[in-house]
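Accompanying notes for the structure given below.
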There are 2 protein chains.
Amino acid sequence: MTAARSILSDLPEPDRRSTSAVAERARGVLRPAGALARLDDVACWLAAWQRSPEPVVARPAAVVFVADHGVVSEGVSAYPPEVTLSMLRALREGSATAAVMAESVGANLAVVDVGVGNPTGNLRREPALDADRFAESLEEGRKAIADLDTDLLVVGEMGIGNTTAAAAVCATLFGGSTDAWCGTGTGLDDAGLARKVAVVEDARQRAGPCAEPLEVLRQVGGAELVAIAGAVVEARRRSIPVLLDGYVTTAAVAPLEAQAPGALDHCLAAHRSPEPGHGRLLEQLGKRPLLELDLRLGEGSGALAAVPLVRLAAASVTEVATFEEWGLGPG
Amino acid sequence: MTAARSILSDLPEPDRRSTSAVAERARGVLRPAGALARLDDVACWLAAWQRSPEPVVARPAAVVFVADHGVVSEGVSAYPPEVTLSMLRALREGSATAAVMAESVGANLAVVDVGVGNPTGNLRREPALDADRFAESLEEGRKAIADLDTDLLVVGEMGIGNTTAAAAVCATLFGGSTDAWCGTGTGLDDAGLARKVAVVEDARQRAGPCAEPLEVLRQVGGAELVAIAGAVVEARRRSIPVLLDGYVTTAAVAPLEAQAPGALDHCLAAHRSPEPGHGRLLEQLGKRPLLELDLRLGEGSGALAAVPLVRLAAASVTEVATFEEWGLGPG
């Protein structure tokens with residue numbers, strides 16, 4: 001895991017000068033102080049990580065990582081594994097929800113296959129990824145961002161079985177009762193949910209206490225989760241703020257924060273899904289979601305829905321006149 | 001009030017056939033059933049009131065009504081009344097927050113002066129509007145919508161002193177403790193808030209139990225509140241769904257619902273502001289807000305922020321392929 005750990009060394013700090021400049025402008029614009037409180041905070045966050053006193057969302061991009069999971073053989077999903085490949089196609093051809101949403105909010109969408117048809121190990125019985133595949137997946141995530149021309153990144157995922165991986169990552173990383181990290185995913189019935197809990201319980205017992213947080217991702221995660229972690233670190237290095245999608249995406253990056261506190265400061269929680277583990281995880285990470293609309297799709301959809309809010313937040317500071325410019329004193 | 005009451009006669013019912021068509025398509029599109037639950041509901045609502053099985057947000061429009069209030073002489077606002085005129089100009093010239101937000105979300109913005117420089121009566125001591133001005137304001141609201149080419153209407157307001165009018169309308173209409181309907185508005189201190197509560201208390205005593213809900217709007221409302229009520233009724237007649245902004249806008253239309261239950265079914269609560277009266281009012285009206293971002297600006301800003309979500313909701317049903325079209329059975 002030495003190579004993996006090294007991806008977190010010397011992460012850029014926020015640009016506090018840009019944050020201060022935006023916060024000061026927000027205090028002076030033509031509206032009562034604090035009237036857009038939450039959106040002003042979003043504008044400051046964007047400034048910090050774009051490293052610019054004039055934050056802007058002009059070229060948002062979404063990257064959706066897609067992979068198959070060996071754990072589906074345990075009957076943990078309401079859908080058969082073939083659906084992953086079909087959805088990969090639907091995302092690429094513009095027929096899936098995230099593709100339509102990306103179009104609606106003016107975001108470019110890239111869909112990255114990190115193992116469709118090449119399922120990871122069954123995380124109940126064995127490590128999901130061996131060391132080589134872990135390193136490859138991390139690199140695939142990094143590469144997907146390296147050439148991207150964007151000022152706001154949405155990361156998302158698709159992979160039948162991957163809420164089981166998300167639950168296993170969270171249970172192993174943070175402890176607590178296994179039940180509390182497991183939800184019905186795409187629509188499990190009670191028996192299915194019970195199977196999922198048993199699988200996650202076995203997985204966390206097998207993985208045991210891991211020497212370090214990123215090892216959890218290798219043991220009980222999945223290829224697209226690892227790629228997301230790689231992508232999010234690369235975004236940090238390239239001054240690209242990130243909107244996190246739902247449970248799977250957030251679980252994928254949680255080990256980064258556990259390994260290097262502050263590693264997710266450039267990431268905003270776009271929404272909270274009704275998967276019970278997601279709310280719990282956001283609390284653990286100290287992240288307050290922008291939207292709470294009971295979205296539970298994944299594919300980056302919840303984060304795409306939040307893109308216009310971030311765009312609006314930036315414009316509402318940079319493009320609104322100040323009281324001074326307008327010749328009015330504050331009241 | 002006979003003329004006023006008559007504006008509510010024979011309101012169009014929702015187009016249930018379009019709603020059913022959209023609900024059925026939502027059940028069949030390429031995602032787990034209910035994965036976008038809240039957004040699917042929004043798409044159905046849009047279909048019902050656009051009277052179309054293919055709801056769309058292609059030409060959103062915002063109309064912001066602006067007026068002055070006699071009650072400002074009671075010291076109920078953190079800002080002097082001259083700010084209303086200045087903000088009217090800033091909205092028209094694109095320098096104010098709502099103008100920037102409208103641009104950001106692709107909405108046309110119209111700013112309608114319904115009495116800047118011509119303050120209404122001091123609602124603590126006398127009716128805010130006499131019968132003639134009430135009828136005129138209602139008509140100004142109606143006319144602002146009559147020629148609008150839009151598929152989604154945002155209504156908003158600006159008027160120093162108007163959260164006092166909103167509180168007075170709610171307290172008179174729904175009863176309960178006056179305190180609970182009063183908040184700090186644009187930034188009152190404790191003494192200011194105490195003055196505001198006393199003013200609202202006097203106003204509701206003076207107005208007494210009104211013969212009918214719309215009379216409350218005349219007694220303790222304001223010109224822009226009455227115009228908003230007129231605009232929202234006209235939108236219903238023209239098959240234009242409405243996004244309600246914050247406390248003032250919602251208070252302006254609450255008498256319509258009290259007068260004719262169901263009169264606000266074509267209106268969605270875009271957000272909940274931190275003004276305590278707003279949350280209370282939304283509960284009273286049975287409306288669940290889309291956004292909860294602590295926005296407290298008015299000007300239509302909270303509703304503008306929700307426009308992209310409504311656009312997204314429609315596209316996520318009409319433009320996503322169905323399982324059948326995609327050759328996949330539901331799991």
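Each chain in the structure tokens gets a letter, A, B, ..., in the order shown, and its residues are numbered from 1; ligands are numbered from 1 in order too.
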Exercise. DSSP on the backbone: what in segment 37-228 of chain A comes out strand (DSSP E), as number ranges by chain?
Worked result: A: 60-66, 108-113, 152-158
Exercise. If you count only C-alpha atoms, which residues fall within 12 Å of segment 126-134 of chain A, apart from same-chain ones fewer than 3 positions away, as a ChimeraX atom specification?
Worked result: /A:1-4,67-72,114-115,118-123,137-141,162,164-165,168-169,199,202-208,210,214-230
For this session: Write out as a PyMOL selection string every residue belonging to chain B that has an atom at most 9 Å from any atom of chain A, counting only C-alpha atoms.
Result: chain B and resi 29-39+78-80+83+86-87+90+94-101+104-105+186-187+290-298+305-306+308-309+311-313+315-317+319-322+326+328+330-331
For this session: Pick out each residue of segment 137-275 of chain A that DSSP on the backbone tags as helix (DSSP H, G or I); I need them as JSON, numbers by chain.
Result: {"A": [137, 138, 139, 140, 141, 142, 143, 144, 145, 146, 162, 163, 164, 165, 166, 167, 168, 169, 170, 171, 172, 173, 174, 178, 179, 180, 181, 190, 191, 192, 193, 194, 195, 196, 197, 198, 199, 200, 201, 202, 203, 204, 205, 206, 207, 213, 214, 215, 216, 217, 218, 219, 220, 223, 224, 225, 226, 227, 228, 229, 230, 231, 232, 233, 234, 235, 236, 237, 247, 248, 249, 250, 251, 252, 253, 254, 255, 256, 257, 258, 259]}
Exercise. Out of B:Pro241, B:Cys267, B:Asp189, B:Arg124, which residue has the shortest atom-to-atom distance to Glu201 of chain B when counting only C-alpha atoms?
Worked result: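 The answer is B:Arg124, which sits nearest to Glu201 of chain B.
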Write out as an mmCIF file with N, CA and C atoms, in the first residue's frame the residues lying within 9 Å of Cys170 of chain B, counting only C-alpha atoms and excluding same-chain residues fewer than 5 positions away.
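Writing the result to out.cif gives the following:
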```
data_model
loop_
_atom_site.group_PDB
_atom_site.id
_atom_site.type_symbol
_atom_site.label_atom_id
_atom_site.label_comp_id
_atom_site.auth_asym_id
_atom_site.auth_seq_id
_atom_site.Cartn_x
_atom_site.Cartn_y
_atom_site.Cartn_z
ATOM 1 N N ALA B 165 -45.857 42.815 6.573
ATOM 2 C CA ALA B 165 -47.148 42.541 5.929
ATOM 3 C C ALA B 165 -47.406 41.037 5.859
ATOM 4 N N GLY B 175 -54.326 32.733 12.670
ATOM 5 C CA GLY B 175 -54.338 32.823 14.130
ATOM 6 C C GLY B 175 -53.036 32.332 14.739
ATOM 7 N N THR B 178 -48.754 35.735 17.705
ATOM 8 C CA THR B 178 -48.187 36.676 16.743
ATOM 9 C C THR B 178 -46.684 36.486 16.606
ATOM 10 N N TRP B 181 -45.217 34.169 13.988
ATOM 11 C CA TRP B 181 -45.269 34.563 12.574
ATOM 12 C C TRP B 181 -44.234 35.634 12.228
ATOM 13 N N VAL B 216 -58.287 39.920 4.093
ATOM 14 C CA VAL B 216 -57.083 39.993 4.928
ATOM 15 C C VAL B 216 -55.938 40.649 4.141
ATOM 16 N N ALA B 251 -47.080 34.023 1.713
ATOM 17 C CA ALA B 251 -48.154 34.682 2.473
ATOM 18 C C ALA B 251 -49.122 35.388 1.529
ATOM 19 N N ALA B 254 -51.482 32.702 0.253
ATOM 20 C CA ALA B 254 -52.191 31.856 1.234
ATOM 21 C C ALA B 254 -53.691 32.170 1.291
ATOM 22 N N PRO B 255 -54.106 33.452 1.189
ATOM 23 C CA PRO B 255 -55.551 33.731 1.230
ATOM 24 C C PRO B 255 -56.311 33.086 0.079
ATOM 25 N N GLY B 277 -41.841 32.075 10.323
ATOM 26 C CA GLY B 277 -43.202 32.048 9.809
ATOM 27 C C GLY B 277 -43.329 31.270 8.511
ATOM 28 N N LEU B 281 -46.021 28.410 7.732
ATOM 29 C CA LEU B 281 -46.985 28.655 6.661
ATOM 30 C C LEU B 281 -47.003 27.492 5.663
#
```
